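Chemist: Structure file entry15.cif, mmCIF, C-alpha atoms and all ligand atoms, is pasted below:
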```
data_input
#
loop_
_atom_site.group_PDB
_atom_site.id
_atom_site.type_symbol
_atom_site.label_atom_id
_atom_site.label_comp_id
_atom_site.auth_asym_id
_atom_site.auth_seq_id
_atom_site.Cartn_x
_atom_site.Cartn_y
_atom_site.Cartn_z
ATOM 1 C CA MET Z 6 38.453 -6.048 -92.363
ATOM 2 C CA SER Z 7 36.838 -6.355 -95.815
ATOM 3 C CA ASP Z 8 33.193 -5.805 -94.912
ATOM 4 C CA PRO Z 9 32.596 -4.519 -91.358
ATOM 5 C CA VAL Z 10 28.837 -4.028 -91.898
ATOM 6 C CA GLY Z 11 28.642 -7.539 -93.354
ATOM 7 C CA SER Z 12 30.275 -8.903 -90.196
ATOM 8 C CA VAL Z 13 27.431 -7.381 -88.134
ATOM 9 C CA VAL Z 14 24.803 -8.935 -90.431
ATOM 10 C CA ASP Z 15 26.633 -12.283 -90.197
ATOM 11 C CA VAL Z 16 26.594 -12.182 -86.374
ATOM 12 C CA VAL Z 17 22.858 -11.431 -86.290
ATOM 13 C CA ALA Z 18 22.159 -14.252 -88.758
ATOM 14 C CA GLU Z 19 24.373 -16.706 -86.843
ATOM 15 C CA THR Z 20 22.831 -15.772 -83.488
ATOM 16 C CA ALA Z 21 19.221 -16.060 -84.720
ATOM 17 C CA PRO Z 22 18.945 -19.884 -84.413
ATOM 18 C CA GLU Z 23 20.235 -19.711 -80.819
ATOM 19 C CA ILE Z 24 17.703 -17.005 -79.967
ATOM 20 C CA ARG Z 25 14.908 -19.042 -81.544
ATOM 21 C CA GLY Z 26 16.123 -22.187 -79.793
ATOM 22 C CA GLY Z 27 16.040 -20.424 -76.438
ATOM 23 C CA LEU Z 28 12.476 -19.095 -76.684
ATOM 24 C CA ALA Z 29 10.524 -22.156 -75.537
ATOM 25 C CA GLY Z 30 11.941 -22.185 -72.026
ATOM 26 C CA ARG Z 31 11.873 -18.407 -71.532
ATOM 27 C CA ARG Z 32 8.208 -17.459 -71.688
ATOM 28 C CA VAL Z 33 8.133 -16.040 -68.169
ATOM 29 C CA TYR Z 34 8.417 -12.430 -67.042
ATOM 30 C CA GLY Z 35 11.173 -11.557 -64.640
ATOM 31 C CA SER Z 36 10.803 -8.845 -62.009
ATOM 32 C CA GLU Z 37 12.924 -6.303 -63.925
ATOM 33 C CA GLU Z 38 11.545 -3.533 -66.140
ATOM 34 C CA ASN Z 39 13.243 -2.165 -69.269
ATOM 35 C CA PRO Z 40 13.974 1.583 -69.680
ATOM 36 C CA SER Z 41 10.541 1.961 -71.323
ATOM 37 C CA GLY Z 42 8.920 0.704 -68.133
ATOM 38 C CA GLU Z 43 7.873 -2.654 -69.609
ATOM 39 C CA ARG Z 44 8.467 -5.922 -67.743
ATOM 40 C CA LYS Z 45 11.268 -7.965 -69.279
ATOM 41 C CA LEU Z 46 10.520 -11.458 -70.516
ATOM 42 C CA ALA Z 47 13.294 -13.982 -69.818
ATOM 43 C CA ALA Z 48 13.597 -14.310 -73.611
ATOM 44 C CA ASP Z 49 14.196 -10.524 -73.978
ATOM 45 C CA VAL Z 50 17.148 -10.760 -71.578
ATOM 46 C CA TYR Z 51 18.516 -13.904 -73.211
ATOM 47 C CA ALA Z 52 18.428 -12.423 -76.720
ATOM 48 C CA ASP Z 53 19.881 -9.127 -75.518
ATOM 49 C CA ASP Z 54 22.800 -10.800 -73.689
ATOM 50 C CA LEU Z 55 23.649 -12.988 -76.707
ATOM 51 C CA LEU Z 56 23.593 -10.083 -79.154
ATOM 52 C CA GLU Z 57 25.599 -7.772 -76.866
ATOM 53 C CA GLU Z 58 28.322 -10.362 -76.347
ATOM 54 C CA ARG Z 59 28.563 -11.418 -80.022
ATOM 55 C CA LEU Z 60 28.364 -7.910 -81.534
ATOM 56 C CA LEU Z 61 30.844 -6.290 -79.126
ATOM 57 C CA ALA Z 62 33.288 -9.111 -79.898
ATOM 58 C CA LEU Z 63 33.587 -7.682 -83.424
ATOM 59 C CA ASP Z 64 36.507 -5.241 -83.870
ATOM 60 C CA ALA Z 65 34.282 -3.137 -86.137
ATOM 61 C CA VAL Z 66 31.656 -2.536 -83.414
ATOM 62 C CA GLY Z 67 32.412 0.313 -81.029
ATOM 63 C CA SER Z 68 29.196 0.220 -79.018
ATOM 64 C CA TYR Z 69 25.918 -1.624 -78.505
ATOM 65 C CA ALA Z 70 22.579 -0.281 -77.305
ATOM 66 C CA SER Z 71 19.247 -2.003 -76.888
ATOM 67 C CA GLU Z 72 15.748 -1.231 -75.715
ATOM 68 C CA GLU Z 73 16.442 -3.531 -72.755
ATOM 69 C CA ARG Z 74 19.417 -1.527 -71.449
ATOM 70 C CA ASP Z 75 19.517 1.903 -69.798
ATOM 71 C CA ALA Z 76 22.807 2.946 -71.325
ATOM 72 C CA VAL Z 77 25.009 2.323 -74.357
ATOM 73 C CA VAL Z 78 27.666 -0.387 -73.814
ATOM 74 C CA THR Z 79 30.997 0.751 -75.221
ATOM 75 C CA ALA Z 80 33.674 -1.701 -76.357
ATOM 76 C CA ASP Z 81 37.358 -1.089 -75.599
ATOM 77 C CA GLY Z 82 38.417 -1.492 -79.223
ATOM 78 C CA GLY Z 83 36.929 1.771 -80.491
ATOM 79 C CA GLY Z 84 35.186 0.287 -83.557
ATOM 80 C CA ALA Z 85 33.513 2.742 -85.940
ATOM 81 C CA LEU Z 86 30.099 1.018 -86.024
ATOM 82 C CA HIS Z 87 27.402 1.523 -83.398
ATOM 83 C CA VAL Z 88 24.617 -1.072 -83.271
ATOM 84 C CA ALA Z 89 21.127 -0.512 -81.836
ATOM 85 C CA CYS Z 90 18.941 -3.581 -81.265
ATOM 86 C CA ASP Z 91 15.440 -4.511 -80.296
ATOM 87 C CA PRO Z 92 16.574 -7.986 -79.278
ATOM 88 C CA LEU Z 93 13.055 -9.395 -79.323
ATOM 89 C CA ASP Z 94 10.340 -7.338 -80.990
ATOM 90 C CA GLY Z 95 6.814 -8.507 -80.165
ATOM 91 C CA SER Z 96 7.963 -10.588 -77.210
ATOM 92 C CA SER Z 97 4.434 -10.522 -75.773
ATOM 93 C CA ASN Z 98 3.622 -12.854 -78.692
ATOM 94 C CA LEU Z 99 5.755 -15.593 -77.140
ATOM 95 C CA LYS Z 100 2.980 -16.676 -74.722
ATOM 96 C CA SER Z 101 0.496 -16.808 -77.615
ATOM 97 C CA ASN Z 102 3.065 -18.485 -79.910
ATOM 98 C CA ASN Z 103 2.888 -15.860 -82.627
ATOM 99 C CA ALA Z 104 5.491 -14.108 -84.804
ATOM 100 C CA MET Z 105 8.303 -12.033 -83.271
ATOM 101 C CA GLY Z 106 11.890 -11.248 -84.086
ATOM 102 C CA THR Z 107 15.072 -9.236 -83.738
ATOM 103 C CA LEU Z 108 15.615 -5.725 -85.137
ATOM 104 C CA PHE Z 109 19.000 -4.090 -85.692
ATOM 105 C CA GLY Z 110 20.334 -0.770 -86.949
ATOM 106 C CA VAL Z 111 24.004 -0.073 -87.796
ATOM 107 C CA TYR Z 112 25.055 3.576 -87.353
ATOM 108 C CA ASP Z 113 28.347 5.269 -88.189
ATOM 109 C CA GLU Z 114 27.884 7.783 -85.368
ATOM 110 C CA PRO Z 115 27.688 7.245 -81.581
ATOM 111 C CA LEU Z 116 24.204 6.585 -80.164
ATOM 112 C CA PRO Z 117 21.644 8.068 -79.980
ATOM 113 C CA ALA Z 118 22.277 9.039 -83.618
ATOM 114 C CA PRO Z 119 20.141 10.651 -86.339
ATOM 115 C CA GLY Z 120 18.528 8.445 -88.974
ATOM 116 C CA SER Z 121 20.942 9.929 -91.518
ATOM 117 C CA ALA Z 122 23.751 8.023 -89.713
ATOM 118 C CA LEU Z 123 22.055 4.667 -90.319
ATOM 119 C CA ILE Z 124 24.178 2.746 -92.854
ATOM 120 C CA ALA Z 125 22.453 -0.637 -92.588
ATOM 121 C CA SER Z 126 19.390 -2.099 -90.928
ATOM 122 C CA GLY Z 127 17.326 -5.231 -90.842
ATOM 123 C CA PHE Z 128 15.431 -7.801 -88.874
ATOM 124 C CA VAL Z 129 15.096 -11.522 -88.288
ATOM 125 C CA LEU Z 130 11.493 -12.796 -88.265
ATOM 126 C CA PHE Z 131 10.729 -15.896 -86.178
ATOM 127 C CA GLY Z 132 7.621 -17.019 -88.048
ATOM 128 C CA PRO Z 133 6.734 -20.502 -89.303
ATOM 129 C CA ILE Z 134 10.185 -20.244 -90.853
ATOM 130 C CA THR Z 135 13.039 -17.954 -89.853
ATOM 131 C CA THR Z 136 13.809 -15.218 -92.357
ATOM 132 C CA MET Z 137 16.145 -12.230 -92.344
ATOM 133 C CA VAL Z 138 15.676 -8.944 -94.206
ATOM 134 C CA THR Z 139 18.509 -6.434 -94.588
ATOM 135 C CA ALA Z 140 18.716 -2.960 -96.109
ATOM 136 C CA ARG Z 141 22.104 -1.627 -97.119
ATOM 137 C CA GLY Z 142 23.553 0.196 -100.119
ATOM 138 C CA GLY Z 143 20.090 1.054 -101.433
ATOM 139 C CA THR Z 144 18.939 -2.578 -101.663
ATOM 140 C CA VAL Z 145 16.687 -4.764 -99.514
ATOM 141 C CA ARG Z 146 17.453 -8.481 -99.480
ATOM 142 C CA GLU Z 147 15.661 -11.410 -97.878
ATOM 143 C CA TRP Z 148 17.131 -14.728 -96.730
ATOM 144 C CA VAL Z 149 15.704 -17.924 -95.282
ATOM 145 C CA LEU Z 150 17.798 -18.838 -92.235
ATOM 146 C CA ASP Z 151 17.619 -22.605 -91.937
ATOM 147 C CA ASP Z 152 20.676 -24.818 -91.594
ATOM 148 C CA ASP Z 153 22.398 -22.166 -93.664
ATOM 149 C CA ARG Z 154 21.448 -18.844 -95.243
ATOM 150 C CA ASP Z 155 19.550 -18.931 -98.571
ATOM 151 C CA LEU Z 156 19.042 -15.672 -100.450
ATOM 152 C CA VAL Z 157 15.390 -15.662 -101.582
ATOM 153 C CA ASP Z 158 15.053 -12.065 -102.797
ATOM 154 C CA ASP Z 159 17.950 -9.885 -103.927
ATOM 155 C CA ASP Z 160 15.863 -6.775 -104.531
ATOM 156 C CA LEU Z 161 12.783 -6.777 -102.294
ATOM 157 C CA ARG Z 162 10.372 -3.990 -103.280
ATOM 158 C CA LEU Z 163 7.134 -2.856 -101.651
ATOM 159 C CA PRO Z 164 4.240 -4.070 -103.884
ATOM 160 C CA GLU Z 165 2.707 -1.308 -106.019
ATOM 161 C CA GLU Z 166 -0.871 -2.304 -105.101
ATOM 162 C CA PRO Z 167 -1.611 -1.822 -101.349
ATOM 163 C CA MET Z 168 -3.673 -4.612 -99.777
ATOM 164 C CA VAL Z 169 -3.317 -4.686 -95.960
ATOM 165 C CA TYR Z 170 -3.269 -2.311 -93.001
ATOM 166 C CA GLY Z 171 -2.578 -2.653 -89.292
ATOM 167 C CA PHE Z 172 -2.686 0.029 -86.593
ATOM 168 C CA GLY Z 173 -1.849 -0.451 -82.918
ATOM 169 C CA GLY Z 174 -3.174 1.175 -79.777
ATOM 170 C CA ARG Z 175 -6.677 0.922 -78.368
ATOM 171 C CA VAL Z 176 -9.273 2.589 -80.607
ATOM 172 C CA PRO Z 177 -10.765 4.858 -77.861
ATOM 173 C CA ARG Z 178 -7.266 6.273 -77.343
ATOM 174 C CA TRP Z 179 -6.858 7.235 -81.019
ATOM 175 C CA THR Z 180 -7.174 10.937 -81.844
ATOM 176 C CA GLU Z 181 -10.237 11.946 -83.829
ATOM 177 C CA ALA Z 182 -8.148 12.880 -86.880
ATOM 178 C CA PHE Z 183 -6.435 9.474 -86.867
ATOM 179 C CA ALA Z 184 -9.706 7.612 -86.315
ATOM 180 C CA ASP Z 185 -11.246 9.434 -89.307
ATOM 181 C CA TYR Z 186 -8.225 8.452 -91.445
ATOM 182 C CA VAL Z 187 -8.573 4.786 -90.394
ATOM 183 C CA THR Z 188 -12.279 4.849 -91.346
ATOM 184 C CA GLU Z 189 -11.176 5.635 -94.910
ATOM 185 C CA VAL Z 190 -8.356 3.039 -94.889
ATOM 186 C CA GLU Z 191 -10.526 0.202 -93.522
ATOM 187 C CA ALA Z 192 -12.950 0.736 -96.417
ATOM 188 C CA GLU Z 193 -10.063 0.165 -98.860
ATOM 189 C CA LEU Z 194 -7.658 -2.404 -97.336
ATOM 190 C CA LYS Z 195 -7.748 -5.659 -95.322
ATOM 191 C CA LEU Z 196 -6.905 -5.672 -91.582
ATOM 192 C CA ARG Z 197 -3.719 -7.490 -90.660
ATOM 193 C CA TYR Z 198 -2.541 -6.828 -87.070
ATOM 194 C CA GLY Z 199 -0.574 -9.406 -85.130
ATOM 195 C CA GLY Z 200 1.013 -7.530 -82.232
ATOM 196 C CA ALA Z 201 4.637 -7.707 -83.366
ATOM 197 C CA MET Z 202 5.752 -4.818 -85.544
ATOM 198 C CA ILE Z 203 8.115 -6.852 -87.704
ATOM 199 C CA GLY Z 204 5.463 -9.503 -88.313
ATOM 200 C CA ASP Z 205 2.993 -6.815 -89.333
ATOM 201 C CA VAL Z 206 5.532 -4.895 -91.427
ATOM 202 C CA THR Z 207 6.459 -8.131 -93.210
ATOM 203 C CA GLN Z 208 2.768 -8.405 -94.174
ATOM 204 C CA VAL Z 209 3.104 -4.889 -95.670
ATOM 205 C CA LEU Z 210 6.387 -5.750 -97.433
ATOM 206 C CA THR Z 211 4.734 -8.873 -98.861
ATOM 207 C CA TYR Z 212 1.250 -7.627 -99.759
ATOM 208 C CA GLY Z 213 1.594 -3.826 -99.816
ATOM 209 C CA GLY Z 214 -0.206 -1.372 -97.551
ATOM 210 C CA ILE Z 215 0.550 0.425 -94.298
ATOM 211 C CA PHE Z 216 1.439 -0.340 -90.660
ATOM 212 C CA GLY Z 217 1.425 2.106 -87.802
ATOM 213 C CA TYR Z 218 1.359 2.727 -84.087
ATOM 214 C CA PRO Z 219 -0.059 6.245 -83.683
ATOM 215 C CA GLY Z 220 0.379 8.904 -81.058
ATOM 216 C CA LEU Z 221 -2.512 8.504 -78.604
ATOM 217 C CA ARG Z 222 -4.748 11.072 -76.892
ATOM 218 C CA ASP Z 223 -3.054 10.418 -73.539
ATOM 219 C CA ARG Z 224 0.360 9.517 -74.997
ATOM 220 C CA PRO Z 225 1.060 11.698 -78.076
ATOM 221 C CA GLU Z 226 4.557 10.185 -78.455
ATOM 222 C CA GLY Z 227 3.022 6.732 -79.016
ATOM 223 C CA LYS Z 228 4.571 3.454 -77.852
ATOM 224 C CA LEU Z 229 7.393 2.480 -80.228
ATOM 225 C CA ARG Z 230 11.019 3.490 -79.771
ATOM 226 C CA LEU Z 231 12.651 5.655 -82.431
ATOM 227 C CA LEU Z 232 16.157 4.195 -82.251
ATOM 228 C CA PHE Z 233 15.295 0.511 -81.758
ATOM 229 C CA GLU Z 234 12.143 0.214 -83.885
ATOM 230 C CA GLY Z 235 11.467 3.415 -85.863
ATOM 231 C CA HIS Z 236 14.791 4.079 -87.551
ATOM 232 C CA PRO Z 237 15.578 0.486 -88.651
ATOM 233 C CA ILE Z 238 12.082 -0.345 -89.914
ATOM 234 C CA ALA Z 239 11.817 3.013 -91.707
ATOM 235 C CA HIS Z 240 15.206 2.400 -93.328
ATOM 236 C CA VAL Z 241 14.081 -1.034 -94.568
ATOM 237 C CA VAL Z 242 10.708 0.163 -95.899
ATOM 238 C CA GLU Z 243 12.069 3.356 -97.507
ATOM 239 C CA THR Z 244 14.891 1.362 -99.118
ATOM 240 C CA ALA Z 245 12.221 -1.033 -100.466
ATOM 241 C CA GLY Z 246 10.462 1.913 -102.168
ATOM 242 C CA GLY Z 247 7.965 2.799 -99.439
ATOM 243 C CA ALA Z 248 7.754 5.722 -97.034
ATOM 244 C CA SER Z 249 7.776 6.344 -93.284
ATOM 245 C CA SER Z 250 6.420 9.060 -91.024
ATOM 246 C CA ASP Z 251 5.822 10.150 -87.449
ATOM 247 C CA GLY Z 252 2.758 11.939 -88.796
ATOM 248 C CA GLU Z 253 4.764 14.866 -90.147
ATOM 249 C CA ARG Z 254 8.069 13.712 -91.664
ATOM 250 C CA SER Z 255 10.232 10.655 -92.389
ATOM 251 C CA LEU Z 256 11.322 8.849 -89.245
ATOM 252 C CA LEU Z 257 14.863 9.014 -90.623
ATOM 253 C CA ASP Z 258 14.740 12.809 -90.415
ATOM 254 C CA ILE Z 259 14.237 12.659 -86.654
ATOM 255 C CA GLU Z 260 17.335 13.208 -84.522
ATOM 256 C CA PRO Z 261 16.685 11.644 -81.101
ATOM 257 C CA ASP Z 262 17.564 13.589 -77.935
ATOM 258 C CA ARG Z 263 17.309 10.489 -75.759
ATOM 259 C CA LEU Z 264 18.257 6.842 -76.272
ATOM 260 C CA HIS Z 265 14.776 5.495 -75.459
ATOM 261 C CA GLU Z 266 12.724 8.223 -77.095
ATOM 262 C CA ARG Z 267 9.328 7.058 -78.348
ATOM 263 C CA THR Z 268 7.682 8.152 -81.605
ATOM 264 C CA PRO Z 269 4.449 7.721 -83.491
ATOM 265 C CA LEU Z 270 5.436 5.309 -86.280
ATOM 266 C CA PHE Z 271 3.964 4.690 -89.727
ATOM 267 C CA VAL Z 272 5.585 2.762 -92.607
ATOM 268 C CA GLY Z 273 4.361 1.563 -95.989
ATOM 269 C CA ASP Z 274 2.819 2.741 -99.229
ATOM 270 C CA GLU Z 275 3.768 6.326 -100.090
ATOM 271 C CA THR Z 276 0.218 7.395 -100.990
ATOM 272 C CA TYR Z 277 -1.203 6.172 -97.679
ATOM 273 C CA ILE Z 278 1.617 7.896 -95.800
ATOM 274 C CA GLU Z 279 0.907 11.155 -97.677
ATOM 275 C CA ARG Z 280 -2.816 10.850 -96.898
ATOM 276 C CA LEU Z 281 -1.972 10.190 -93.241
ATOM 277 C CA GLU Z 282 0.232 13.287 -93.009
ATOM 278 C CA SER Z 283 -2.471 15.499 -94.512
ATOM 279 C CA ALA Z 284 -5.093 13.902 -92.213
ATOM 280 C CA LEU Z 285 -2.976 14.614 -89.114
ATOM 281 C CA GLY Z 286 -1.591 17.940 -90.414
HETATM 282 P P1 LIG Z 301 8.488 -5.140 -77.938
HETATM 283 O O1 LIG Z 301 8.028 -6.540 -77.711
HETATM 284 O O2 LIG Z 301 9.883 -5.048 -78.486
HETATM 285 O O3 LIG Z 301 8.230 -4.253 -76.759
HETATM 286 O O4 LIG Z 301 7.644 -4.543 -79.141
HETATM 287 C C1 LIG Z 301 6.256 -4.636 -79.086
HETATM 288 C C2 LIG Z 301 5.708 -3.514 -79.890
HETATM 289 C C3 LIG Z 301 5.645 -3.811 -81.382
HETATM 290 O O5 LIG Z 301 6.342 -4.940 -81.777
HETATM 291 C C4 LIG Z 301 4.188 -3.988 -81.662
HETATM 292 O O6 LIG Z 301 3.839 -3.405 -82.890
HETATM 293 C C5 LIG Z 301 3.519 -3.284 -80.512
HETATM 294 O O7 LIG Z 301 4.405 -3.296 -79.425
HETATM 295 C C6 LIG Z 301 2.247 -3.955 -80.124
HETATM 296 O O8 LIG Z 301 1.691 -3.155 -79.118
HETATM 297 P P2 LIG Z 301 0.260 -3.575 -78.515
HETATM 298 O O9 LIG Z 301 0.522 -4.795 -77.679
HETATM 299 O O10 LIG Z 301 -0.140 -2.373 -77.724
HETATM 300 O O11 LIG Z 301 -0.630 -3.860 -79.686
HETATM 301 MN MN MN Z 302 9.771 -3.902 -80.286
HETATM 302 MN MN MN Z 303 11.621 -5.846 -77.669
#
```
Can you turn what I pasted into structure tokens?
Modeler:
Amino acid sequence: MSDPVGSVVDVVAETAPEIRGGLAGRRVYGSEENPSGERKLAADVYADDLLEERLLALDAVGSYASEERDAVVTADGGGALHVACDPLDGSSNLKSNNAMGTLFGVYDEPLPAPGSALIASGFVLFGPITTMVTARGGTVREWVLDDDRDLVDDDLRLPEEPMVYGFGGRVPRWTEAFADYVTEVEAELKLRYGGAMIGDVTQVLTYGGIFGYPGLRDRPEGKLRLLFEGHPIAHVVETAGGASSDGERSLLDIEPDRLHERTPLFVGDETYIERLESALG
């Protein structure tokens, strides 16, 4: 196979229109919960089943894991690539008809793997148009996925001048140190928070700034999953010239103990990440 990682990116791109096409009729919650204890939307299950089937059909893919599944699914073929997906990120935005999308990370070690084993990452954003962003080989690229795939940026870089910020979690649950940091940030940047990480991070990739979901007073590990959200989005933003952190270090330096481990998550402009780490330090 000439380009095994490229075959994974191709499958995600080719599956995206089917996922988007299946959203309208799947806005209802089933009775099942995912391993993070969140109720599964019918669209979560649909996207997850499509991606598992298509990705495991590739010889290059040895296993598939997602935030919707308890355990890693291992293929018989013994492929060298291990793919971790958030099949639908921001799925609570489906009822309110707002942005959401699919996240993927391609590792060359079995899952759960350290961020250093991430060899490619990316996401599909179901916004007014469908776009895909990938990070591999030190470059971030962006495509418009319409009838076919049009490359619109072959070297996407985080803007030098930060403009927007967005932080999740209810304000009374923020720690004092984080709340003090946000008081500074909100005096400098514009608020952009839409409830789907990849929609909000795309604001940061487009306009510059910072996105985060902090550790909370009563939940210091925060809400977002390291393997399915933290690693891939950190890989994209760091490859685009930005930085990531859990409040202390790059998210890619974290080696997960558990598949569904949560982490505080911050990505964006290096200066704001540095200021965050000293504020929380
Ligand atoms: P998912 O739909 O995959 O569970 O992800 C939702 C995540 C993330 O996309 C977003 O940043 C965050 O949850 C929003 O959380 P709140 O609803 O608490 O703002
Ligand atoms: Mn998510
Ligand atoms: Mn999800």
Chemist: Which residues are near segment 173-180 of chain Z? Cut-off 6 Å, only C-alpha atoms, ignore same chain within fewer than 4 positions. Put them as a list in words.
Modeler: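 After dropping sequence-adjacent residues, the list is Tyr218, Leu221 and Arg222 of chain Z.
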Chemist: Which one is closest to Ala248 of chain Z: Z:Asp81, Z:Asp64, Z:Glu72, Z:Glu275? Count all atoms listed in the file.
Modeler: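 Looking only at the distances to Ala248 of chain Z, the closest residue turns out to be Z:Glu275.
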Chemist: Residues at most 7 Å from segment 96-99 of chain Z, counting all atoms listed in the file, excluding those fewer than 4 positions away in the same chain, as a ChimeraX atom specification?
Modeler: /Z:32,103-105,200
Chemist: Once the PyMOL selection byres (((chain Z and resi 241) around 9) and not hetatm) is applied to the coordinates I shared, what remains selected? I want it as JSON, numbers by chain.
Modeler: {"Z": [125, 126, 127, 128, 138, 139, 140, 141, 144, 145, 236, 237, 238, 239, 240, 242, 243, 244, 245, 246, 247]}
Chemist: Suppose a student applies the PyMOL selection byres (((chain Z and resi 129) around 7) and not hetatm) to this structure; what residues should they get, written as a list in words?
Modeler: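 Taken over the shown coordinates, the PyMOL selection byres (((chain Z and resi 129) around 7) and not hetatm) returns Gly106, Thr107, Leu108, Phe128, Leu130, Phe131, Thr135, Thr136, Met137 and Val138 of chain Z.
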Chemist: Any idea what the distance is between atom O3 of ligand LIG 301 (chain Z) and atom CA of Glu226 of chain Z?
Modeler: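 Straight-line distance from atom O3 of ligand LIG 301 (chain Z) to atom CA of Glu226 of chain Z works out to 15.0 Å.
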Chemist: Apply the PyMOL selection byres (((not hetatm)) within 10 of (chain Z and resi 301)) to the displayed file and report the matching residues as a ChimeraX atom specification.
Modeler: /Z:39,41-46,49,71-73,90-99,104-108,171-175,198-206,216-218,227-230,233-234,270
Chemist: Enter the distance from atom CA of Arg59 of chain Z to atom CA of Ile24 of chain Z, in Å, rounded to one decimal.
Modeler: 12.2 Å
Chemist: Find the residue from Z:Leu232, Z:Leu210, Z:Ala47, Z:Ala192 that sits nearest to ligand MN 302 (chain Z); use all atoms listed in the file when measuring.
Modeler: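 Residue with the minimum atom-to-atom distance to ligand MN 302 (chain Z): Z:Leu232.
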Chemist: Would you please work out which residue, of Z:Ala89, Z:Gly84, Z:Asp151, Z:Tyr51, is nearest to ligand MN 302 (chain Z) when using all atoms listed in the file?
Modeler: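 Among Z:Ala89, Z:Gly84, Z:Asp151, Z:Tyr51, it is Z:Ala89 that comes nearest to ligand MN 302 (chain Z).
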Chemist: From the set Z:Gly273, Z:Pro167, Z:Gly286, Z:Gly235, which residue has the shortest atom-to-atom contact distance to ligand MN 302 (chain Z), counting all atoms listed in the file?
Modeler: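 Answer, going by the shortest atom-to-atom distance: Z:Gly235.
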Chemist: Could you name the residues that touch Glu23 of chain Z at 10 Å or less, counting only C-alpha atoms, but leaving out those on the same chain fewer than 5 positions away, as a ChimeraX atom specification?
Modeler: /Z:18,28,51-52,55
Chemist: Hey, could you pull the box centre and edge lengths for segment 46-51 of chain Z, axis-aligned, 8 Å padding per side, all listed atoms, to one decimal in Å, as JSON?
Modeler:
```
{"center_x": 14.5, "center_y": -12.4, "center_z": -71.9, "size_x": 24.0, "size_y": 19.8, "size_z": 20.2}
```
Chemist: If I take atom CA of Val13 of chain Z and atom CA of Gly132 of chain Z, how far is one from the other in Å, to one decimal?
Modeler: 22.0 Å
Chemist: Find the residues near Asp75 of chain Z: any atom within 12 Å, counting only C-alpha atoms, skip ones fewer than 6 places away on the same chain, and give them as a list in words.
Modeler: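 The contact residues come out as Glu38, Asn39, Pro40, Ser41, Gly42, Tyr69, Arg263, Leu264, His265 and Glu266 of chain Z.
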Chemist: What's the 8 Å shell around Tyr212 of chain Z, counting all atoms listed in the file, without same-chain residues fewer than 3 positions away, as a ChimeraX atom specification?
Modeler: /Z:163-164,166-169,208-209
Chemist: Write the residues you've just listed into a file as a PDB file, keeping the file's coordinate frame, and include C-alpha atoms for each of them.
Modeler:
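Resulting contents of result.pdb:
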```pdb
ATOM      1  CA  LEU Z 163       7.134  -2.856-101.651  1.00  0.00           C
ATOM      2  CA  PRO Z 164       4.240  -4.070-103.884  1.00  0.00           C
ATOM      3  CA  GLU Z 166      -0.871  -2.304-105.101  1.00  0.00           C
ATOM      4  CA  PRO Z 167      -1.611  -1.822-101.349  1.00  0.00           C
ATOM      5  CA  MET Z 168      -3.673  -4.612 -99.777  1.00  0.00           C
ATOM      6  CA  VAL Z 169      -3.317  -4.686 -95.960  1.00  0.00           C
ATOM      7  CA  GLN Z 208       2.768  -8.405 -94.174  1.00  0.00           C
ATOM      8  CA  VAL Z 209       3.104  -4.889 -95.670  1.00  0.00           C
TER       9      VAL Z 209
END
```
Chemist: Using all atoms listed in the file, find all polymer residues with an atom at most 6 Å away from the point (15.5, 11.0, -84.9); report them as a list of chain:residue names.
Modeler: Z:Pro119, Z:Gly120, Z:Asp258, Z:Ile259, Z:Glu260, Z:Pro261
Chemist: Could you add the missing atoms to segment 33-42 of chain Z, up to N, CA and C atoms, and return them as a compact mmCIF listing (two decimals), in the coordinates of the input?
Modeler:
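The new file out19.txt reads:
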```txt
# COMPACT_ATOMS: atom_id res chain seq x y z
N VAL Z 33 8.59 -16.66 -69.42
CA VAL Z 33 8.13 -16.04 -68.17
C VAL Z 33 8.72 -14.64 -67.99
N TYR Z 34 7.94 -13.78 -67.33
CA TYR Z 34 8.42 -12.43 -67.04
C TYR Z 34 9.26 -12.44 -65.76
N GLY Z 35 10.37 -11.72 -65.86
CA GLY Z 35 11.17 -11.56 -64.64
C GLY Z 35 10.60 -10.39 -63.84
N SER Z 36 11.31 -9.96 -62.83
CA SER Z 36 10.80 -8.85 -62.01
C SER Z 36 11.29 -7.50 -62.58
N GLU Z 37 12.34 -7.55 -63.43
CA GLU Z 37 12.92 -6.30 -63.92
C GLU Z 37 12.07 -5.63 -64.99
N GLU Z 38 12.18 -4.29 -65.06
CA GLU Z 38 11.54 -3.53 -66.14
C GLU Z 38 12.63 -2.98 -67.07
N ASN Z 39 12.26 -2.78 -68.36
CA ASN Z 39 13.24 -2.16 -69.27
C ASN Z 39 13.12 -0.64 -69.17
N PRO Z 40 14.01 0.12 -69.82
CA PRO Z 40 13.97 1.58 -69.68
C PRO Z 40 12.66 2.21 -70.16
N SER Z 41 11.85 1.42 -70.91
CA SER Z 41 10.54 1.96 -71.32
C SER Z 41 9.45 1.62 -70.31
N GLY Z 42 9.88 1.01 -69.19
CA GLY Z 42 8.92 0.70 -68.13
C GLY Z 42 8.11 -0.55 -68.40
```
